[in-house]
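This is run07.cif (mmCIF, C-alpha atoms).
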```
data_protein
#
loop_
_atom_site.label_atom_id
_atom_site.label_comp_id
_atom_site.auth_asym_id
_atom_site.auth_seq_id
_atom_site.Cartn_x
_atom_site.Cartn_y
_atom_site.Cartn_z
CA MET A 21 -17.85 -4.39 -33.88
CA SER A 22 -17.22 -0.81 -32.75
CA ALA A 23 -13.83 0.16 -31.34
CA PHE A 24 -15.29 1.15 -27.98
CA GLU A 25 -18.27 -0.55 -26.34
CA PRO A 26 -19.52 1.28 -23.22
CA GLY A 27 -21.22 -1.73 -21.63
CA ARG A 28 -18.43 -4.24 -22.13
CA VAL A 29 -16.11 -5.41 -19.32
CA LEU A 30 -12.93 -7.48 -19.50
CA SER A 31 -12.33 -9.34 -16.22
CA ILE A 32 -8.95 -11.03 -15.70
CA GLN A 33 -8.85 -12.96 -12.41
CA SER A 34 -8.62 -16.39 -10.85
CA HIS A 35 -11.30 -19.03 -11.27
CA VAL A 36 -12.72 -21.66 -8.92
CA VAL A 37 -15.04 -24.56 -9.67
CA SER A 38 -17.03 -24.06 -6.46
CA GLY A 39 -17.68 -20.94 -4.43
CA TYR A 40 -17.50 -17.26 -5.29
CA VAL A 41 -14.03 -15.77 -5.54
CA GLY A 42 -12.19 -14.16 -8.44
CA ASN A 43 -14.13 -14.20 -11.69
CA ARG A 44 -16.89 -16.25 -10.07
CA ALA A 45 -17.48 -13.41 -7.59
CA ALA A 46 -17.29 -10.68 -10.24
CA THR A 47 -18.99 -11.96 -13.39
CA PHE A 48 -22.54 -12.63 -12.24
CA PRO A 49 -22.93 -9.37 -10.28
CA LEU A 50 -21.64 -7.36 -13.24
CA GLN A 51 -24.01 -9.18 -15.59
CA THR A 52 -26.87 -8.57 -13.15
CA LEU A 53 -26.19 -4.85 -13.48
CA GLY A 54 -26.34 -5.04 -17.27
CA TYR A 55 -22.68 -5.37 -18.25
CA ASP A 56 -21.50 -7.74 -20.95
CA VAL A 57 -18.52 -9.49 -19.35
CA ASP A 58 -15.67 -11.21 -21.17
CA VAL A 59 -13.75 -13.45 -18.78
CA VAL A 60 -10.10 -14.50 -18.85
CA ASN A 61 -9.12 -16.86 -16.04
CA THR A 62 -5.54 -16.34 -14.90
CA VAL A 63 -4.91 -20.07 -14.65
CA GLN A 64 -5.28 -20.17 -18.42
CA PHE A 65 -2.27 -17.92 -19.03
CA SER A 66 0.99 -19.12 -20.48
CA ASN A 67 2.72 -16.26 -22.29
CA HIS A 68 -0.13 -14.92 -24.39
CA THR A 69 -3.66 -13.84 -23.58
CA GLY A 70 -4.93 -14.15 -27.13
CA LEU A 71 -7.01 -11.00 -26.67
CA SER A 72 -5.81 -9.15 -29.77
CA THR A 73 -6.14 -12.14 -32.07
CA ASN A 74 -9.66 -12.71 -30.80
CA GLY A 75 -10.65 -9.08 -31.22
CA LEU A 76 -11.19 -8.61 -27.48
CA VAL A 77 -9.83 -5.07 -27.28
CA SER A 78 -13.03 -3.02 -27.41
CA HIS A 79 -13.82 -2.93 -23.71
CA SER A 80 -14.68 0.29 -21.96
CA ARG A 81 -13.92 -1.23 -18.54
CA ILE A 82 -11.23 -3.60 -17.32
CA LEU A 83 -10.95 -5.42 -13.99
CA THR A 84 -7.94 -7.43 -12.89
CA GLY A 85 -7.54 -9.45 -9.71
CA TYR A 86 -5.49 -12.41 -8.56
CA VAL A 87 -2.56 -13.11 -10.89
CA PRO A 88 -0.01 -15.09 -8.85
CA GLY A 89 2.90 -15.29 -11.32
CA ALA A 90 5.17 -12.55 -12.66
CA GLU A 91 5.21 -13.77 -16.28
CA ALA A 92 1.42 -13.83 -16.53
CA LEU A 93 1.14 -10.43 -14.84
CA LYS A 94 3.61 -8.92 -17.31
CA VAL A 95 1.42 -10.12 -20.18
CA VAL A 96 -1.67 -8.62 -18.53
CA ALA A 97 0.10 -5.29 -17.97
CA GLU A 98 1.30 -5.04 -21.56
CA GLN A 99 -2.12 -5.87 -22.96
CA ILE A 100 -3.86 -3.29 -20.78
CA LYS A 101 -1.33 -0.62 -21.78
CA LYS A 102 -2.16 -1.30 -25.43
CA MET A 103 -5.90 -1.20 -24.75
CA LYS A 104 -5.62 2.12 -22.94
CA GLU A 105 -3.57 3.54 -25.78
CA MET A 106 -6.34 2.57 -28.18
CA ASN A 107 -9.15 3.81 -25.90
CA SER A 108 -7.97 6.55 -23.55
CA GLY A 109 -11.37 6.59 -21.81
CA THR A 110 -11.09 2.98 -20.65
CA VAL A 111 -11.75 2.62 -16.92
CA TYR A 112 -9.27 0.18 -15.39
CA VAL A 113 -9.84 -1.12 -11.86
CA LEU A 114 -6.72 -2.81 -10.52
CA ASP A 115 -7.13 -5.05 -7.48
CA PRO A 116 -3.48 -5.70 -6.55
CA VAL A 117 -4.09 -9.04 -4.85
CA MET A 118 -0.84 -9.87 -3.08
CA GLY A 119 -1.52 -10.73 0.55
CA ASP A 120 -3.19 -9.81 3.80
CA MET A 121 -2.38 -8.71 7.33
CA GLY A 122 -1.39 -11.71 9.42
CA THR A 123 -0.87 -14.05 6.47
CA GLY A 124 1.63 -11.91 4.58
CA LEU A 125 2.46 -12.28 0.90
CA TYR A 126 0.70 -15.14 -0.90
CA VAL A 127 1.93 -14.47 -4.44
CA SER A 128 5.40 -14.62 -5.92
CA LYS A 129 7.53 -11.71 -4.66
CA ASP A 130 8.39 -11.03 -8.30
CA VAL A 131 4.91 -9.64 -8.93
CA VAL A 132 5.34 -6.77 -6.44
CA PRO A 133 7.45 -4.47 -8.68
CA ILE A 134 5.15 -5.23 -11.62
CA TYR A 135 2.12 -4.14 -9.62
CA LYS A 136 3.95 -0.97 -8.63
CA ASP A 137 4.52 -0.20 -12.32
CA MET A 138 0.87 -0.96 -13.12
CA LEU A 139 -0.29 1.78 -10.75
CA GLN A 140 0.56 4.25 -13.51
CA ILE A 141 -2.02 2.78 -15.90
CA ALA A 142 -4.81 2.18 -13.37
CA SER A 143 -7.86 4.40 -13.01
CA ILE A 144 -8.73 2.96 -9.60
CA ILE A 145 -6.96 0.56 -7.27
CA THR A 146 -8.78 -1.44 -4.57
CA PRO A 147 -6.07 -2.61 -2.12
CA ASN A 148 -6.43 -3.87 1.43
CA GLN A 149 -4.23 -2.61 4.27
CA PHE A 150 -1.39 -5.05 3.58
CA GLU A 151 -1.32 -4.04 -0.08
CA VAL A 152 -1.46 -0.29 0.63
CA GLU A 153 1.51 -0.63 2.97
CA LEU A 154 3.41 -2.82 0.50
CA LEU A 155 2.83 -0.52 -2.47
CA SER A 156 3.52 2.71 -0.59
CA GLY A 157 6.27 1.46 1.70
CA ILE A 158 4.52 3.11 4.65
CA SER A 159 3.23 1.32 7.74
CA ILE A 160 -0.21 2.66 8.68
CA ASP A 161 -0.67 3.14 12.42
CA SER A 162 -2.50 6.48 12.52
CA MET A 163 -4.56 8.84 10.39
CA GLN A 164 -1.36 10.79 9.70
CA THR A 165 0.43 7.77 8.24
CA LEU A 166 -2.73 6.88 6.28
CA HIS A 167 -2.69 10.37 4.77
CA THR A 168 1.00 10.00 3.86
CA ALA A 169 0.47 6.59 2.24
CA LEU A 170 -2.52 7.72 0.17
CA ARG A 171 -0.80 10.91 -0.93
CA GLN A 172 2.33 9.03 -1.95
CA LEU A 173 0.37 6.50 -4.02
CA HIS A 174 -1.51 9.33 -5.76
CA THR A 175 1.43 11.60 -6.53
CA THR A 176 4.19 9.09 -7.25
CA ASN A 177 2.09 7.16 -9.77
CA SER A 178 -0.28 9.82 -11.16
CA LEU A 179 -3.00 7.60 -9.71
CA PRO A 180 -6.39 9.34 -9.71
CA HIS A 181 -8.42 7.04 -7.44
CA ILE A 182 -7.85 4.70 -4.49
CA ALA A 183 -10.62 2.61 -2.92
CA PHE A 184 -8.92 1.33 0.24
CA SER A 185 -11.21 -1.61 1.02
CA SER A 186 -10.87 -1.65 4.82
CA ILE A 187 -8.65 -1.15 7.82
CA PRO A 188 -9.52 -1.88 11.49
CA LEU A 189 -9.51 1.28 13.61
CA PRO A 190 -10.43 1.85 17.27
CA ILE A 191 -14.05 2.83 17.73
CA SER A 192 -12.83 5.78 19.82
CA LEU A 193 -10.97 7.13 16.77
CA VAL A 194 -13.82 6.44 14.36
CA THR A 195 -16.16 8.28 16.74
CA THR A 196 -13.98 11.41 16.54
CA LEU A 197 -14.31 11.28 12.75
CA ASN A 198 -18.09 11.43 13.22
CA LEU A 199 -18.79 8.84 10.55
CA PRO A 200 -22.42 7.85 10.01
CA PRO A 201 -23.73 4.45 11.18
CA PRO A 202 -25.01 1.70 8.86
CA PRO A 203 -28.07 2.66 6.79
CA PRO A 204 -31.63 1.56 7.64
CA SER A 205 -31.71 -0.70 4.55
CA TYR A 206 -28.91 -2.70 6.16
CA MET A 207 -30.13 -2.58 9.75
CA ARG A 208 -33.49 -4.07 8.77
CA LEU A 209 -31.67 -7.28 7.85
CA LEU A 210 -30.22 -7.72 11.35
CA PRO A 211 -31.89 -9.95 13.94
CA ASP A 212 -33.59 -8.31 16.91
CA PRO A 213 -32.02 -8.09 19.45
CA ILE A 214 -28.62 -7.30 17.95
CA PRO A 215 -26.50 -10.50 18.15
CA PRO A 216 -23.18 -10.66 20.06
CA TRP A 217 -21.15 -11.34 16.90
CA TYR A 218 -21.97 -7.90 15.47
CA ASP A 219 -20.07 -4.66 16.16
CA ALA A 220 -20.57 -1.23 14.58
CA VAL A 221 -20.12 2.46 15.26
CA GLY A 222 -22.16 3.42 18.31
CA MET A 223 -22.41 -0.14 19.60
CA GLY A 224 -18.98 -1.41 20.67
CA GLU A 225 -16.64 -0.41 23.46
CA PRO A 226 -14.18 2.47 22.74
CA GLU A 227 -11.21 0.08 22.73
CA ASP A 228 -12.90 -2.28 20.27
CA GLU A 229 -12.19 -1.94 16.58
CA THR A 230 -14.41 -1.43 13.60
CA LEU A 231 -13.57 -1.46 9.90
CA VAL A 232 -13.29 1.72 7.84
CA CYS A 233 -13.17 2.01 4.05
CA PHE A 234 -11.55 5.03 2.39
CA ALA A 235 -12.25 6.43 -1.08
CA SER A 236 -9.51 8.85 -2.10
CA THR A 237 -9.31 11.01 -5.22
CA TRP A 238 -6.45 13.23 -6.40
CA GLN A 239 -7.52 16.11 -8.62
CA ASP A 240 -5.90 19.45 -9.43
CA GLY A 241 -3.26 19.01 -6.76
CA ASN A 242 -5.74 18.24 -3.98
CA MET A 243 -6.61 14.98 -2.22
CA GLU A 244 -10.24 14.44 -1.26
CA THR A 245 -10.90 11.37 0.88
CA TRP A 246 -14.22 9.94 1.99
CA ALA A 247 -14.53 7.50 4.87
CA PHE A 248 -17.15 4.81 5.46
CA ALA A 249 -17.52 3.05 8.83
CA LEU A 250 -18.37 -0.64 8.40
CA PRO A 251 -19.79 -3.19 10.81
CA THR A 252 -17.59 -6.06 11.91
CA ILE A 253 -18.95 -9.57 11.46
CA ARG A 254 -16.64 -12.15 13.01
CA GLY A 255 -15.85 -14.95 10.63
CA TYR A 256 -13.98 -15.82 7.46
CA PHE A 257 -15.54 -15.14 4.07
CA SER A 258 -13.67 -15.53 0.79
CA GLY A 259 -14.31 -13.43 -2.29
CA VAL A 260 -15.41 -10.27 -0.44
CA GLY A 261 -12.65 -8.15 -1.99
CA ASP A 262 -13.37 -9.55 -5.46
CA LEU A 263 -17.05 -8.63 -5.18
CA PHE A 264 -16.18 -5.16 -3.84
CA SER A 265 -13.83 -4.42 -6.76
CA ALA A 266 -16.41 -5.58 -9.30
CA MET A 267 -19.11 -3.37 -7.77
CA VAL A 268 -16.78 -0.33 -7.69
CA LEU A 269 -16.13 -0.86 -11.40
CA ALA A 270 -19.84 -1.26 -12.11
CA HIS A 271 -20.92 1.94 -10.37
CA PHE A 272 -17.99 4.24 -11.21
CA ASP A 273 -18.91 6.91 -13.76
CA ASN A 274 -22.01 4.95 -14.69
CA PRO A 275 -24.31 7.20 -16.77
CA ASP A 276 -27.36 5.28 -15.50
CA SER A 277 -26.50 6.06 -11.87
CA GLN A 278 -27.53 9.45 -10.45
CA SER A 279 -25.80 10.85 -7.38
CA ASP A 280 -24.77 14.09 -5.73
CA LEU A 281 -21.52 12.43 -4.65
CA PRO A 282 -18.27 12.60 -6.65
CA PRO A 283 -17.72 9.56 -8.90
CA LEU A 284 -15.47 7.48 -6.61
CA PRO A 285 -17.33 7.98 -3.31
CA HIS A 286 -20.56 7.22 -5.15
CA ALA A 287 -19.15 3.97 -6.59
CA VAL A 288 -17.69 2.91 -3.24
CA SER A 289 -20.91 3.77 -1.41
CA LYS A 290 -22.96 1.60 -3.77
CA ALA A 291 -20.40 -1.20 -3.69
CA LEU A 292 -20.26 -1.26 0.09
CA LEU A 293 -24.03 -1.53 0.49
CA THR A 294 -24.17 -4.52 -1.86
CA VAL A 295 -21.17 -6.25 -0.29
CA GLN A 296 -22.22 -5.65 3.32
CA GLN A 297 -25.78 -6.82 2.73
CA ILE A 298 -24.64 -10.01 0.98
CA LEU A 299 -22.03 -10.61 3.69
CA LEU A 300 -24.66 -10.28 6.41
CA ARG A 301 -27.17 -12.50 4.62
CA THR A 302 -24.45 -15.11 4.06
CA HIS A 303 -23.51 -15.10 7.74
CA LEU A 304 -27.13 -15.37 8.88
CA TYR A 305 -27.66 -18.28 6.49
CA SER A 306 -24.57 -20.08 7.81
CA LEU A 307 -25.72 -19.66 11.41
CA ALA A 308 -29.18 -20.95 10.58
CA GLN A 309 -27.78 -24.02 8.85
CA THR A 310 -25.19 -25.11 11.37
CA SER A 311 -25.87 -27.01 14.56
CA ILE A 312 -23.06 -25.09 16.30
CA SER A 313 -24.37 -21.76 17.59
CA GLY A 314 -22.16 -19.44 15.62
CA SER A 315 -18.99 -19.47 13.55
CA ALA A 316 -17.37 -16.16 14.30
CA THR A 317 -14.75 -14.64 16.54
CA PRO A 318 -15.79 -13.07 19.85
CA ARG A 319 -14.83 -9.47 20.46
CA PRO A 320 -12.55 -7.73 21.15
CA LEU A 321 -10.85 -8.22 17.79
CA HIS A 322 -7.45 -7.03 19.03
CA HIS A 323 -7.15 -9.03 22.28
CA SER A 324 -4.08 -11.12 22.97
CA PRO A 325 -4.43 -14.80 22.03
CA ASN A 326 -3.27 -15.63 25.58
CA GLU A 327 -6.17 -13.75 27.16
CA GLN A 328 -9.19 -15.71 28.29
CA HIS A 329 -12.59 -14.45 27.17
CA SER A 330 -15.95 -16.00 27.80
CA SER A 331 -17.20 -16.60 24.30
CA VAL A 332 -20.79 -17.04 23.31
CA ILE A 333 -19.61 -17.79 19.80
CA PRO A 334 -16.61 -20.06 19.11
CA SER A 335 -13.97 -18.89 16.65
CA ASP A 336 -13.02 -20.76 13.48
CA ALA A 337 -9.81 -21.92 15.21
CA GLU A 338 -11.82 -23.16 18.18
CA LEU A 339 -14.21 -25.02 15.92
CA ASP A 340 -11.37 -26.68 14.03
CA ALA A 341 -9.58 -27.65 17.27
CA ALA A 342 -12.72 -28.92 18.99
CA VAL A 343 -13.32 -32.64 19.32
CA SER A 344 -15.77 -33.54 16.58
CA THR A 345 -18.94 -35.44 17.38
CA ASN A 346 -18.03 -37.43 14.31
CA PRO A 347 -14.19 -37.68 14.19
CA LYS A 348 -14.35 -39.79 11.05
CA ASP A 349 -15.83 -36.89 9.10
CA PRO A 350 -12.85 -34.95 7.64
CA ARG A 351 -15.19 -32.70 5.71
CA ARG A 352 -16.57 -30.68 8.62
CA LYS A 353 -14.33 -27.66 7.91
CA ALA A 354 -15.13 -27.83 4.19
CA LYS A 355 -18.84 -28.04 4.97
CA ARG A 356 -18.64 -24.96 7.18
CA MET A 357 -16.74 -23.05 4.50
CA ARG A 358 -19.32 -24.07 1.92
CA LEU A 359 -22.06 -22.62 4.13
CA ARG A 360 -20.22 -19.31 4.11
CA GLU A 361 -19.66 -18.99 0.39
CA LEU A 362 -20.99 -15.59 -0.56
CA ARG A 363 -24.65 -15.93 -1.54
CA VAL A 364 -24.17 -13.93 -4.71
CA VAL A 365 -26.78 -15.72 -6.79
CA GLN A 366 -29.36 -16.20 -4.03
CA GLU A 367 -29.18 -12.50 -3.07
CA ARG A 368 -29.10 -11.16 -6.63
CA GLY A 369 -32.03 -8.91 -5.80
CA LEU A 370 -29.75 -6.91 -3.49
CA ILE A 371 -27.28 -6.48 -6.35
CA ALA A 372 -29.91 -5.38 -8.83
CA ASP A 373 -31.62 -3.00 -6.41
CA GLY A 374 -28.45 -1.21 -5.37
CA GLY A 375 -30.21 0.94 -2.78
CA GLN A 376 -29.15 4.43 -1.80
CA GLY A 377 -25.61 3.39 -0.93
CA TRP A 378 -23.60 3.16 2.27
CA PRO A 379 -23.34 6.52 4.07
CA GLY A 380 -19.93 8.14 4.36
CA LYS A 381 -18.30 11.48 4.99
CA ALA A 382 -15.60 13.62 3.38
CA LEU A 383 -12.62 13.91 5.72
CA ASP A 384 -11.24 17.23 6.92
CA TRP A 385 -7.58 16.33 6.50
CA GLN A 386 -6.36 19.68 7.75
CA GLY A 387 -8.22 19.32 11.03
CA ILE A 388 -7.21 15.65 11.40
CA LEU A 389 -3.53 16.41 10.90
CA GLU A 390 -3.61 19.42 13.21
CA HIS A 391 -5.07 17.28 16.00
CA GLY A 392 -2.49 14.53 15.44
CA LEU A 393 -4.97 11.69 15.09
#
```

Full structure transcribed into structure tokens:
Amino acid sequence: MSAFEPGRVLSIQSHVVSGYVGNRAATFPLQTLGYDVDVVNTVQFSNHTGLSTNGLVSHSRILTGYVPGAEALKVVAEQIKKMKEMNSGTVYVLDPVMGDMGTGLYVSKDVVPIYKDMLQIASIITPNQFEVELLSGISIDSMQTLHTALRQLHTTNSLPHIAFSSIPLPISLVTTLNLPPPPPSYMRLLPDPIPPWYDAVGMGEPEDETLVCFASTWQDGNMETWAFALPTIRGYFSGVGDLFSAMVLAHFDNPDSQSDLPPLPHAVSKALLTVQQILLRTHLYSLAQTSISGSATPRPLHHSPNEQHSSVIPSDAELDAAVSTNPKDPRRKAKRMRLRELRVVQERGLIADGGQGWPGKALDWQGILEHGL
């Protein structure tokens, strides 16, 4: 076996028996794109990974996700440091899975300082808003604070790339950034007319929110950040971040992938198209299979819970609180969640095709900061 195998990935994440999160969300898509994936499930950790004794140190790419305990994460960090020392060209994508807005921290607090140390060995990190704020110590409430948080993560940790998965921003703000709308390859999958559970740039009210993904690279003392406006589909889907991280790893610096974009924006663009298409197809499938007309949250996303809104589509909370037509069936929530498991296998053609990518735009930070956005 050679010391460095370009098409080999080591994926260290959680594992589930059913559904598509963690390694289940990452492995099949990576294999579909031609990667040979070695899987270590974090629930299998005690104090040793066994990677060195098994000869599993020849990977050109590494992906880590949910590792809930500090002792296991320390072992992962030490092993990856050794692997990067042996192969300096190893691409390491770190998904610092720690929590989410609204739910807070859902791992041991002891893992937070370990993740902060691991930023120095990562090639790319793929945090959500909660994790960006936790790692940087900066609360993001404007483009200025976003700029400060990204810059601090880059410079403090010598971190070359950040793929900030998503943050909700007012459509009025996103409009001033002049970000492109979803691509035709995505729009063709939408029902006609556009359903009420769907919001995107150019469609919602100015006070509504839409999601934006940021791909930021630090090189030669400069920070270049690309932004991608995403549609908002109301509903809960697990494993979306795991799939996104896997697709970023797959498309980053891939010699088989041609693009005029820099490496990180290209990888994020390709990842977003795959994730958004699968997310949409999963939602449409769930709506077609359920007798309840919809399973998503009505807009606006940011309204007070005390406000009354006429809702065409009930929220997950409303569905769970509603009187069941069959009260003796405790599995109704589980059934609905099963319908919304990401259709990774069924939509494998979307993964293999890849498409042209999700359109984005390089930000003019100087202009943004001067205008105080």

For A:Ser128, the nearest of the candidates A:Leu263, A:Ile82, A:Val221, A:Leu93, counting only C-alpha atoms: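 Between A:Leu263, A:Ile82, A:Val221, A:Leu93, the residue approaching A:Ser128 most closely is A:Leu93.
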
10 Å contact set for A:Ser108, all atoms listed in the file, chain neighbours under 6 positions out, as JSON, numbers by chain: {"A": [80, 101, 102]}

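For the pair atom CA of A:Arg28 and atom CA of A:Asp276, the separation is 14.6 Å.
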
Answer key for the PyMOL selection byres ((chain A and resi 389) around 12), residues as a ChimeraX atom specification: /A:162-168,383-388,390-393

With the cut-off set at 8 Å and counting only C-alpha atoms, tabulate each residue of stretch 181-284 of chain A with an atom at most that distance from an atom of stretch 361-367 of chain A, showing the nearest atom pair and its distance in Å to one decimal, ordered by chain and increasing number, as a Markdown table.
```
| residue | atom | partner | partner_atom | distance |
| --- | --- | --- | --- | --- |
| A:Phe257 | CA | A:Glu361 | CA | 6.7 |
| A:Ser258 | CA | A:Glu361 | CA | 6.9 |
| A:Gly259 | CA | A:Leu362 | CA | 7.2 |
| A:Val260 | CA | A:Leu362 | CA | 7.7 |
```

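One distance worth recording is that between atom CA of A:Gly369 and atom CA of A:Val232, which is 25.5 Å.
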
Counting all atoms listed in the file, the residue of A:Ile32, A:Ser192, A:Ser178, A:Leu370 that sits nearest A:Glu225: A:Ser192

Using the chain letters and numbering of this document, enumerate as a PDB file with C-alpha atoms, in the frame of the given file the residues selected by the PyMOL selection byres ((chain A and resi 249) around 10).
```
ATOM      1  CA  SER A 186     -10.870  -1.650   4.820  1.00  0.00           C
ATOM      2  CA  ILE A 187      -8.650  -1.150   7.820  1.00  0.00           C
ATOM      3  CA  PRO A 188      -9.520  -1.880  11.490  1.00  0.00           C
ATOM      4  CA  LEU A 189      -9.510   1.280  13.610  1.00  0.00           C
ATOM      5  CA  ILE A 191     -14.050   2.830  17.730  1.00  0.00           C
ATOM      6  CA  VAL A 194     -13.820   6.440  14.360  1.00  0.00           C
ATOM      7  CA  THR A 195     -16.160   8.280  16.740  1.00  0.00           C
ATOM      8  CA  LEU A 197     -14.310  11.280  12.750  1.00  0.00           C
ATOM      9  CA  ASN A 198     -18.090  11.430  13.220  1.00  0.00           C
ATOM     10  CA  LEU A 199     -18.790   8.840  10.550  1.00  0.00           C
ATOM     11  CA  PRO A 200     -22.420   7.850  10.010  1.00  0.00           C
ATOM     12  CA  PRO A 201     -23.730   4.450  11.180  1.00  0.00           C
ATOM     13  CA  PRO A 202     -25.010   1.700   8.860  1.00  0.00           C
ATOM     14  CA  ALA A 220     -20.570  -1.230  14.580  1.00  0.00           C
ATOM     15  CA  VAL A 221     -20.120   2.460  15.260  1.00  0.00           C
ATOM     16  CA  THR A 230     -14.410  -1.430  13.600  1.00  0.00           C
ATOM     17  CA  LEU A 231     -13.570  -1.460   9.900  1.00  0.00           C
ATOM     18  CA  VAL A 232     -13.290   1.720   7.840  1.00  0.00           C
ATOM     19  CA  CYS A 233     -13.170   2.010   4.050  1.00  0.00           C
ATOM     20  CA  PHE A 234     -11.550   5.030   2.390  1.00  0.00           C
ATOM     21  CA  ALA A 247     -14.530   7.500   4.870  1.00  0.00           C
ATOM     22  CA  PHE A 248     -17.150   4.810   5.460  1.00  0.00           C
ATOM     23  CA  LEU A 250     -18.370  -0.640   8.400  1.00  0.00           C
ATOM     24  CA  PRO A 251     -19.790  -3.190  10.810  1.00  0.00           C
ATOM     25  CA  THR A 252     -17.590  -6.060  11.910  1.00  0.00           C
ATOM     26  CA  TRP A 378     -23.600   3.160   2.270  1.00  0.00           C
ATOM     27  CA  PRO A 379     -23.340   6.520   4.070  1.00  0.00           C
ATOM     28  CA  GLY A 380     -19.930   8.140   4.360  1.00  0.00           C
ATOM     29  CA  LYS A 381     -18.300  11.480   4.990  1.00  0.00           C
TER      30      LYS A 381
END
```

Of the listed residues A:Ser279, A:Ser159, A:Thr123, A:Thr146, that which approaches A:Leu179 most closely, counting all atoms listed in the file: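 Using all atoms listed in the file, A:Leu179 sits closest to A:Thr146.
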
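Neighbours of A:Ala169 closer than or equal to 9 Å, with all atoms listed in the file counted and sequence neighbours fewer than 6 positions away skipped, come out as Val152, Glu153, Leu155, Ser156, Gly157, Ile158, Ser159 and Ile160 of chain A.
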
Atom pair atom CA of A:Asp137 / atom CA of A:Asn107: separation (Å):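 Calculated distance between atom CA of A:Asp137 and atom CA of A:Asn107 is 19.7 Å.
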
Closest of A:Ser265, A:Thr176, A:Gln296, A:Gln99 to A:Ser205 - atom-to-atom distances counting only C-alpha atoms: A:Gln296

Of the listed residues A:Tyr126, A:Trp217, A:Tyr55, A:Trp238, that which approaches A:Leu173 most closely, counting all atoms listed in the file: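 Counting all atoms listed in the file, the residue closest to A:Leu173 is A:Trp238.
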
Using all atoms listed in the file: which of A:Ile145, A:Met267, A:Val288, A:Ile298 has the shortest distance to A:Thr52: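 Smallest separation from A:Thr52 among the options: A:Met267.
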
Selection result of the PyMOL selection byres ((chain A and resi 88) around 10) on this file, as an MDAnalysis selection string: chainID A and resid 33:34 62:63 85:87 89:93 117:118 126:131

Hey, can I get the axis-aligned box for stretch 370-387 of chain A? All listed atoms, 5 Å padding on each side, centre and edge lengths in Å to one decimal, as JSON.
```
{"center_x": -19.0, "center_y": 6.4, "center_z": 1.1, "size_x": 35.3, "size_y": 36.6, "size_z": 29.9}
```

Should you be able to, write stretch 206-216 of chain A of this structure into a file that contains N, CA, C and O atoms, as a PDB file, in the first residue's frame.
```
ATOM      1  N   TYR A 206     -32.373  23.662 -10.179  1.00  0.00           N
ATOM      2  CA  TYR A 206     -33.110  23.488  -8.935  1.00  0.00           C
ATOM      3  C   TYR A 206     -34.572  23.875  -9.114  1.00  0.00           C
ATOM      4  O   TYR A 206     -35.483  23.164  -8.670  1.00  0.00           O
ATOM      5  N   MET A 207     -34.807  24.992  -9.774  1.00  0.00           N
ATOM      6  CA  MET A 207     -36.165  25.506  -9.932  1.00  0.00           C
ATOM      7  C   MET A 207     -37.062  24.539 -10.696  1.00  0.00           C
ATOM      8  O   MET A 207     -38.267  24.486 -10.456  1.00  0.00           O
ATOM      9  N   ARG A 208     -36.478  23.753 -11.585  1.00  0.00           N
ATOM     10  CA  ARG A 208     -37.288  22.811 -12.367  1.00  0.00           C
ATOM     11  C   ARG A 208     -37.892  21.713 -11.499  1.00  0.00           C
ATOM     12  O   ARG A 208     -38.852  21.043 -11.902  1.00  0.00           O
ATOM     13  N   LEU A 209     -37.330  21.528 -10.295  1.00  0.00           N
ATOM     14  CA  LEU A 209     -37.841  20.501  -9.389  1.00  0.00           C
ATOM     15  C   LEU A 209     -39.021  20.991  -8.557  1.00  0.00           C
ATOM     16  O   LEU A 209     -39.715  20.192  -7.927  1.00  0.00           O
ATOM     17  N   LEU A 210     -39.244  22.315  -8.547  1.00  0.00           N
ATOM     18  CA  LEU A 210     -40.327  22.878  -7.737  1.00  0.00           C
ATOM     19  C   LEU A 210     -41.681  22.683  -8.399  1.00  0.00           C
ATOM     20  O   LEU A 210     -41.783  22.726  -9.629  1.00  0.00           O
ATOM     21  N   PRO A 211     -42.740  22.513  -7.602  1.00  0.00           N
ATOM     22  CA  PRO A 211     -44.087  22.460  -8.171  1.00  0.00           C
ATOM     23  C   PRO A 211     -44.467  23.817  -8.764  1.00  0.00           C
ATOM     24  O   PRO A 211     -43.899  24.851  -8.403  1.00  0.00           O
ATOM     25  N   ASP A 212     -45.417  23.794  -9.678  1.00  0.00           N
ATOM     26  CA  ASP A 212     -45.957  25.005 -10.281  1.00  0.00           C
ATOM     27  C   ASP A 212     -47.463  25.038 -10.005  1.00  0.00           C
ATOM     28  O   ASP A 212     -48.170  24.106 -10.396  1.00  0.00           O
ATOM     29  N   PRO A 213     -47.968  26.059  -9.314  1.00  0.00           N
ATOM     30  CA  PRO A 213     -47.295  27.265  -8.852  1.00  0.00           C
ATOM     31  C   PRO A 213     -46.397  27.010  -7.630  1.00  0.00           C
ATOM     32  O   PRO A 213     -46.482  25.955  -6.999  1.00  0.00           O
ATOM     33  N   ILE A 214     -45.559  28.010  -7.318  1.00  0.00           N
ATOM     34  CA  ILE A 214     -44.656  27.888  -6.181  1.00  0.00           C
ATOM     35  C   ILE A 214     -45.470  27.703  -4.907  1.00  0.00           C
ATOM     36  O   ILE A 214     -46.390  28.480  -4.626  1.00  0.00           O
ATOM     37  N   PRO A 215     -45.174  26.698  -4.101  1.00  0.00           N
ATOM     38  CA  PRO A 215     -45.968  26.409  -2.888  1.00  0.00           C
ATOM     39  C   PRO A 215     -45.709  27.419  -1.773  1.00  0.00           C
ATOM     40  O   PRO A 215     -44.656  28.081  -1.747  1.00  0.00           O
ATOM     41  N   PRO A 216     -46.640  27.539  -0.821  1.00  0.00           N
ATOM     42  CA  PRO A 216     -46.507  28.527   0.254  1.00  0.00           C
ATOM     43  C   PRO A 216     -45.413  28.214   1.261  1.00  0.00           C
ATOM     44  O   PRO A 216     -45.040  29.083   2.044  1.00  0.00           O
TER      45      PRO A 216
END
```
